[in-house]
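> Below is one structure. I have some questions about it.
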Amino acid sequence: MKFLTALNMTGGYGMGADIIHDCNITVEKGEIAVVVGPNGAGKSTAMKAVFGMLNLKQGSVVLDGEDITKLAPQERVHIGMGFVPQNNNIFVSMTVQENLEMGAYIRSDDITDTMDQIYSLFPMLKEKRNQTAGELSGGQRQQVAVGRALMTKPKLLMLDEPTAGVSPIVMDDLFDKILEIANTGIAILMVEQNARQALEIADHGFVLVQGCNRFTDTGQALLADPQVRRSFLGG
Amino acid sequence: MDILNALVLFANFVLIPATVYGAQLALGALGVTLIFAILRFANFAHGELMAFGATITILATWFLQSAGVGLGPLPTALLALPVGILGAVAMVLVTDRMVYRFYRRKRADPIIMAILSVGVMFVMAGLVRFIIGPDDQNFSDGVRFLIRAGEFKQMSGLNEGLAIKLSQVITVVVAVAVVGLLFWFLQKTRAGKAMRAYSDNEDLALLSGIDPDRVVMIAWLITAVLATTAGVLYGLDKSFKPFIYMQLLLPVFAAAIVGGVGQPVGAILGGFVIAFSEVTITYAYKKFLTYLVPAEWAPDGLVQLLSTDYKFAVSFIILVAVLLIRPTGIIRGKVL
C-alpha cells in the first residue's frame with residue numbers, strides 16, 4: 001500500500017458515461033507520479049477522481065492508510081491534499097501575497113514560515129508579492145498557483161498540466177521546482193501533456209488510453225520502452 | 001463679484017445637492033454590486049430593502065422621540081439607525097433562508113435569482129406599506145440648517161445665498177465613514193479577503209477551504225447595513241416616501257453598472273457620475289449664465305436641458321449608453 005493508492009476507479013461526470021475504467025494510480029511520499037496519454041484519455045478526469053470531484057461507481061481512494069473515497073474535495077484539502085487546477089488556478093484580482101494567504105485560509109496557526117519557504121522556492125513571487133496576480137506572465141501565474149496550493153502544507157500535491165501554455169524554458173524551470181518540492185517529502189501527482197520531459201523527472205509513470213491503464217512503470221523504463229516511445233512520445 | 005455669485009449659485013443648486021445625492025446612490029449601488037459580486041445576481045429587492053430598513057429606523061426614531069431621548073442638534077434617527085440595521089439584517093437572512101438558498105444550492109441560473117428578487121421586492125414593498133402606510137413620513141428632528149442662505153448672504157455680502165443642511169453634512173460624513181469601513185474590511189481582514197477571493201474565483205475559493213455559506217451571510221449583512229444607511233440618509237435629506245425607493249432602484253442600478261458591476265470602487269464612481277449627470281442636466285442655467293455673460297447676451301429661456309420631471313430618464317439613458325458602448329463599466333466589472 002503506497003501513500004496514495006487509488007484502485008479500480010470507474011466513473012464519469014454527473015450522470016454521463018464512464019470516462020475512466022478500472023483506473024489505478026499510486027504515489028509514494030517524496031516521489032513524483034506522472035499521468036500521461038493522448039488527448040481525451042481521461043488523464044485529468046483520473047486526477048479529479050482522486051480528488052473526489054466525480055462520483056465513482058467503483059473503486060477506492062486511500063490516503064495514508066485512510067479510506068477517503070467518500071470525502072468531498074474540500075474535506076480532502078483538510079486532510080492534506082493540495083490541488084492545482086489547470087485553468088483559473090489563481091485569484092487574478094488579488095495580490096500574490098493575498099493569493100498565498102487565501103491558500104492558507106483553513107490554517108489558524110502562524111503561516112509566515114510556510115510563506116517564507118514558498119518565497120525561497122519561488123524568489124520571483126517575493127519580488128512581486130504586492131502585484132496583482134492577474135498581471136503576471138503565464139509561468140509566474142503557475143508559480144502563484146503552486147504556491148497557493150502549498151500553503152496548506154499538503155502531503156500530496158496534485159498538478160493538472162502545470163506546464164500548459166508556458167514556454168519550454170519556463171517549463172524546465174517549473175519541473176525543477178516540482179523536483180525540489182518532491183525532495184521535501186511531499187508526494188506529487190501530475191498530469192502532463194509534455195510527456196517526455198515529465199517522464200524524465202518522474203519516479204513512476206501511468207500511461208492512460210481511453211480511460212484505462214495501458215502502461216505502468218518507472219519514468220525511465222517507460223521512456224526506454226519502444227512501444228511507449230512509438231505510440232506516445234513520437235518515436 | 002458676478003463670478004463669485006455664479007459659483008455660489010452653482011454650488012448651492014448643483015454641487016452640494018449632487019454630492020449628497022451621489023453619496024446616497026453610491027451606498028445603494030455598493031449593496032447591489034456586492035450582492036452581484038458574491039451571489040451573482042441582480043438584486044431587484046435592494047430598493048425595497050432600503051425602504052424596509054428606513055421604516056424600522058423611523059419606528060425606532062418615533063419611539064425614542066416619544067421617550068424624550070435624542071441627540072440634541074443631531075437627528076434622533078442616527079441613534080435609531082442600528083435598530084433599523086438589525087431589522088434589515090433579520091429581513092435579508094430570513095429571505096435568504098426562505099427563498100435564495102434553495103436555488104443557490106441548485107446552482108440556479110442568475111436570471112432565476114434575479115426574478116426571485118423581483119418577487120421578494122413585491123413582498124417587501126407590501127410589508128413596508130403594511131407597517132408604515134403609503135404616505136410620507138417625517139422623522140427628522142434636530143437642527144435643520146448648518147448655514148442658512150440669508151446668513152450666508154449677510155456674511156459674504158453676495159447676492160446669492162448658500163444653504164447647507166445638517167442632513168447633507170451627515171449624509172456625506174456617514175457615507176465616507178461607511179465606505180471607509182467597508183474598504184478596510186475588504187482589503188485588510190481575513191473575512192474580507194475571503195469575500196474578494198470568492199467573488200474572483202468561486203471554485204478556487206472552495207478548494208482553498210473558504211466556506212461559501214459564511215461568505216454569502218457576510219455579504220447579506222453588509223448589504224443590509226449599506227441599504228439601511230442609504231435609505232435613512234435619503235429619507236432624512238428628502239423625506240420618507242415608500243414608493244420613492246422603488247424609483248431609486250433605476251439610478252442605483254445605473255450607478256452599479258456604469259461603475260462596473262462587482263467593483264466596489266466602481267459603484268462609488270458610478271453613484272457620483274449618475275448624480276452629477278442628473279442634477280447638471282436638469283438644472284436651469286438661466287440665472288447662472290446671467291451672472292457670467294454680458295447683459296445683452298442673457299438668455300431668455302430657462303436654459304434647462306431636461307425638465308426635472310424627466311430626471312430618471314437621465315440614468316436610463318446613461319445606463320443604455322454604457323451597456324451599448326462599454327458593458328463592463330468604467331472599472332472593468334462583470335457583465336450582467
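By order in the C-alpha cells, chains are A, B, ...; within a chain, residues start at 1; ligands start at 1, following the order shown.
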If you run DSSP over the backbone, which residues in range 6-66 of chain A end up strand (DSSP E)? Put them as a PDB file with C-alpha atoms, in the first residue's frame.

```pdb
ATOM      1  CA  ALA A   6      -6.366   4.797  -5.906  1.00  0.00           C
ATOM      2  CA  LEU A   7      -7.612   1.453  -7.203  1.00  0.00           C
ATOM      3  CA  ASN A   8     -10.138   0.329  -9.796  1.00  0.00           C
ATOM      4  CA  MET A   9     -11.639   3.776 -10.229  1.00  0.00           C
ATOM      5  CA  THR A  10     -14.582   3.789 -12.648  1.00  0.00           C
ATOM      6  CA  GLY A  11     -16.794   6.787 -13.244  1.00  0.00           C
ATOM      7  CA  GLY A  12     -17.614   9.959 -15.164  1.00  0.00           C
ATOM      8  CA  ILE A  20     -12.283   6.151 -16.673  1.00  0.00           C
ATOM      9  CA  HIS A  21     -12.460   2.373 -16.310  1.00  0.00           C
ATOM     10  CA  ASP A  22     -10.693   0.365 -13.622  1.00  0.00           C
ATOM     11  CA  CYS A  23      -8.049   3.011 -13.382  1.00  0.00           C
ATOM     12  CA  ASN A  24      -5.212   2.659 -10.846  1.00  0.00           C
ATOM     13  CA  ILE A  25      -2.913   5.448  -9.658  1.00  0.00           C
ATOM     14  CA  THR A  26      -0.440   5.297  -6.794  1.00  0.00           C
ATOM     15  CA  VAL A  27       2.154   7.684  -5.387  1.00  0.00           C
ATOM     16  CA  ILE A  32       6.650  12.131  -8.476  1.00  0.00           C
ATOM     17  CA  ALA A  33       3.987  10.221 -10.348  1.00  0.00           C
ATOM     18  CA  VAL A  34       3.013  11.392 -13.807  1.00  0.00           C
ATOM     19  CA  VAL A  35      -0.137  10.552 -15.715  1.00  0.00           C
ATOM     20  CA  VAL A  36       0.381  10.792 -19.469  1.00  0.00           C
ATOM     21  CA  ASN A  55     -18.846  10.225  -8.390  1.00  0.00           C
ATOM     22  CA  LEU A  56     -17.041   6.938  -8.539  1.00  0.00           C
ATOM     23  CA  LYS A  57     -19.169   3.934  -9.392  1.00  0.00           C
ATOM     24  CA  GLN A  58     -16.457   1.619  -8.198  1.00  0.00           C
ATOM     25  CA  GLY A  59     -13.030   1.750  -6.733  1.00  0.00           C
ATOM     26  CA  SER A  60     -11.440   3.349  -3.731  1.00  0.00           C
ATOM     27  CA  VAL A  61      -9.035   6.109  -2.845  1.00  0.00           C
ATOM     28  CA  VAL A  62      -6.806   5.567   0.177  1.00  0.00           C
ATOM     29  CA  LEU A  63      -4.516   8.273   1.526  1.00  0.00           C
ATOM     30  CA  GLU A  66      -7.278   6.095   5.443  1.00  0.00           C
TER      31      GLU A  66
END
```
> Give as an MDAnalysis selection string every residue of chain A that touches chain B within 12 Å, counting only C-alpha atoms.
chainID A and resid 51:53 72:95 97:108 133:134 145 148:152 154
> Write a file of the just-selected residues containing C-alpha atoms, as a PDB file, in the first residue's frame.

```pdb
ATOM      1  CA  PHE A  51      -9.523  14.453  -5.605  1.00  0.00           C
ATOM      2  CA  GLY A  52     -13.199  13.491  -5.260  1.00  0.00           C
ATOM      3  CA  MET A  53     -14.565  15.697  -7.988  1.00  0.00           C
ATOM      4  CA  ALA A  72     -15.761  15.866  -0.615  1.00  0.00           C
ATOM      5  CA  PRO A  73     -12.886  17.774  -2.290  1.00  0.00           C
ATOM      6  CA  GLN A  74     -12.915  20.497   0.416  1.00  0.00           C
ATOM      7  CA  GLU A  75     -12.570  17.854   3.115  1.00  0.00           C
ATOM      8  CA  ARG A  76      -9.650  16.327   1.261  1.00  0.00           C
ATOM      9  CA  VAL A  77      -7.872  19.680   1.429  1.00  0.00           C
ATOM     10  CA  HIS A  78      -8.170  19.495   5.203  1.00  0.00           C
ATOM     11  CA  ILE A  79      -6.510  16.073   5.387  1.00  0.00           C
ATOM     12  CA  GLY A  80      -3.506  17.101   3.327  1.00  0.00           C
ATOM     13  CA  MET A  81      -4.303  17.085  -0.369  1.00  0.00           C
ATOM     14  CA  GLY A  82      -3.409  20.131  -2.423  1.00  0.00           C
ATOM     15  CA  PHE A  83      -4.879  20.596  -5.877  1.00  0.00           C
ATOM     16  CA  VAL A  84      -3.750  22.971  -8.628  1.00  0.00           C
ATOM     17  CA  PRO A  85      -6.392  23.053 -11.366  1.00  0.00           C
ATOM     18  CA  GLN A  86      -5.347  23.512 -14.966  1.00  0.00           C
ATOM     19  CA  ASN A  87      -7.310  26.722 -15.582  1.00  0.00           C
ATOM     20  CA  ASN A  88      -8.409  29.585 -13.359  1.00  0.00           C
ATOM     21  CA  ASN A  89      -5.996  28.446 -10.699  1.00  0.00           C
ATOM     22  CA  ILE A  90      -5.233  31.856  -9.178  1.00  0.00           C
ATOM     23  CA  PHE A  91      -7.242  34.792  -7.825  1.00  0.00           C
ATOM     24  CA  VAL A  92      -6.493  37.245 -10.625  1.00  0.00           C
ATOM     25  CA  SER A  93      -7.772  40.351  -8.841  1.00  0.00           C
ATOM     26  CA  MET A  94      -5.739  39.766  -5.698  1.00  0.00           C
ATOM     27  CA  THR A  95      -2.061  40.313  -4.995  1.00  0.00           C
ATOM     28  CA  GLN A  97       0.659  37.623  -1.211  1.00  0.00           C
ATOM     29  CA  GLU A  98      -3.135  37.583  -0.842  1.00  0.00           C
ATOM     30  CA  ASN A  99      -3.265  34.542  -3.114  1.00  0.00           C
ATOM     31  CA  LEU A 100      -0.923  32.746  -0.740  1.00  0.00           C
ATOM     32  CA  GLU A 101      -2.921  33.920   2.282  1.00  0.00           C
ATOM     33  CA  MET A 102      -6.099  32.516   0.743  1.00  0.00           C
ATOM     34  CA  GLY A 103      -4.277  29.238   0.145  1.00  0.00           C
ATOM     35  CA  ALA A 104      -3.714  29.080   3.891  1.00  0.00           C
ATOM     36  CA  TYR A 105      -7.318  30.037   4.706  1.00  0.00           C
ATOM     37  CA  ILE A 106      -8.029  26.789   6.560  1.00  0.00           C
ATOM     38  CA  ARG A 107      -4.986  27.211   8.794  1.00  0.00           C
ATOM     39  CA  SER A 108      -5.300  29.004  12.103  1.00  0.00           C
ATOM     40  CA  ALA A 133      -1.638  38.143  -9.778  1.00  0.00           C
ATOM     41  CA  GLY A 134      -3.604  38.747 -12.985  1.00  0.00           C
ATOM     42  CA  ALA A 145      -0.929  28.607  -8.317  1.00  0.00           C
ATOM     43  CA  ARG A 148      -1.187  28.769  -3.174  1.00  0.00           C
ATOM     44  CA  ALA A 149      -1.685  25.010  -3.023  1.00  0.00           C
ATOM     45  CA  LEU A 150       1.490  24.552  -0.952  1.00  0.00           C
ATOM     46  CA  MET A 151       0.272  26.993   1.707  1.00  0.00           C
ATOM     47  CA  THR A 152      -1.841  24.304   3.371  1.00  0.00           C
ATOM     48  CA  PRO A 154      -0.156  19.335   1.825  1.00  0.00           C
TER      49      PRO A 154
END
```
> Pick out each residue of range 196-229 of chain A that DSSP on the backbone tags as alpha helix (DSSP H); I need them as a PDB file with N, CA and C atoms, in the first residue's frame.

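Written file, part_37.pdb:
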```pdb
ATOM      1  N   ARG A 196       7.365  13.484 -22.546  1.00  0.00           N
ATOM      2  CA  ARG A 196       8.762  13.097 -22.474  1.00  0.00           C
ATOM      3  C   ARG A 196       9.474  13.781 -21.304  1.00  0.00           C
ATOM      4  N   GLN A 197       9.331  15.130 -21.244  1.00  0.00           N
ATOM      5  CA  GLN A 197      10.010  15.862 -20.177  1.00  0.00           C
ATOM      6  C   GLN A 197       9.476  15.451 -18.808  1.00  0.00           C
ATOM      7  N   ALA A 198       8.176  15.211 -18.738  1.00  0.00           N
ATOM      8  CA  ALA A 198       7.584  14.869 -17.454  1.00  0.00           C
ATOM      9  C   ALA A 198       8.076  13.509 -16.984  1.00  0.00           C
ATOM     10  N   LEU A 199       8.175  12.560 -17.913  1.00  0.00           N
ATOM     11  CA  LEU A 199       8.620  11.219 -17.521  1.00  0.00           C
ATOM     12  C   LEU A 199      10.079  11.236 -17.073  1.00  0.00           C
ATOM     13  N   GLU A 200      10.843  12.198 -17.617  1.00  0.00           N
ATOM     14  CA  GLU A 200      12.245  12.279 -17.221  1.00  0.00           C
ATOM     15  C   GLU A 200      12.405  12.578 -15.731  1.00  0.00           C
ATOM     16  N   ILE A 201      11.506  13.356 -15.167  1.00  0.00           N
ATOM     17  CA  ILE A 201      11.629  13.657 -13.743  1.00  0.00           C
ATOM     18  C   ILE A 201      10.753  12.742 -12.896  1.00  0.00           C
ATOM     19  N   GLY A 219       9.492   6.025 -14.592  1.00  0.00           N
ATOM     20  CA  GLY A 219       9.608   7.005 -15.672  1.00  0.00           C
ATOM     21  C   GLY A 219      10.660   6.599 -16.683  1.00  0.00           C
ATOM     22  N   GLN A 220      11.827   6.160 -16.197  1.00  0.00           N
ATOM     23  CA  GLN A 220      12.925   5.789 -17.089  1.00  0.00           C
ATOM     24  C   GLN A 220      12.547   4.597 -17.956  1.00  0.00           C
ATOM     25  N   ALA A 221      11.901   3.605 -17.339  1.00  0.00           N
ATOM     26  CA  ALA A 221      11.531   2.400 -18.083  1.00  0.00           C
ATOM     27  C   ALA A 221      10.539   2.732 -19.195  1.00  0.00           C
ATOM     28  N   LEU A 222       9.580   3.620 -18.883  1.00  0.00           N
ATOM     29  CA  LEU A 222       8.601   3.995 -19.906  1.00  0.00           C
ATOM     30  C   LEU A 222       9.283   4.729 -21.051  1.00  0.00           C
ATOM     31  N   LEU A 223      10.245   5.583 -20.691  1.00  0.00           N
ATOM     32  CA  LEU A 223      10.968   6.321 -21.727  1.00  0.00           C
ATOM     33  C   LEU A 223      11.748   5.373 -22.624  1.00  0.00           C
ATOM     34  N   ALA A 224      12.203   4.266 -22.038  1.00  0.00           N
ATOM     35  CA  ALA A 224      13.017   3.328 -22.791  1.00  0.00           C
ATOM     36  C   ALA A 224      12.172   2.329 -23.577  1.00  0.00           C
ATOM     37  N   PRO A 226      10.162   0.744 -26.236  1.00  0.00           N
ATOM     38  CA  PRO A 226       9.950   1.139 -27.643  1.00  0.00           C
ATOM     39  C   PRO A 226       8.474   1.338 -27.987  1.00  0.00           C
ATOM     40  N   GLN A 227       7.588   0.520 -27.393  1.00  0.00           N
ATOM     41  CA  GLN A 227       6.171   0.645 -27.712  1.00  0.00           C
ATOM     42  C   GLN A 227       5.612   1.979 -27.228  1.00  0.00           C
ATOM     43  N   VAL A 228       6.001   2.352 -25.991  1.00  0.00           N
ATOM     44  CA  VAL A 228       5.549   3.634 -25.451  1.00  0.00           C
ATOM     45  C   VAL A 228       6.113   4.778 -26.294  1.00  0.00           C
ATOM     46  N   ARG A 229       7.392   4.624 -26.636  1.00  0.00           N
ATOM     47  CA  ARG A 229       8.021   5.686 -27.433  1.00  0.00           C
ATOM     48  C   ARG A 229       7.297   5.880 -28.755  1.00  0.00           C
TER      49      ARG A 229
END
```
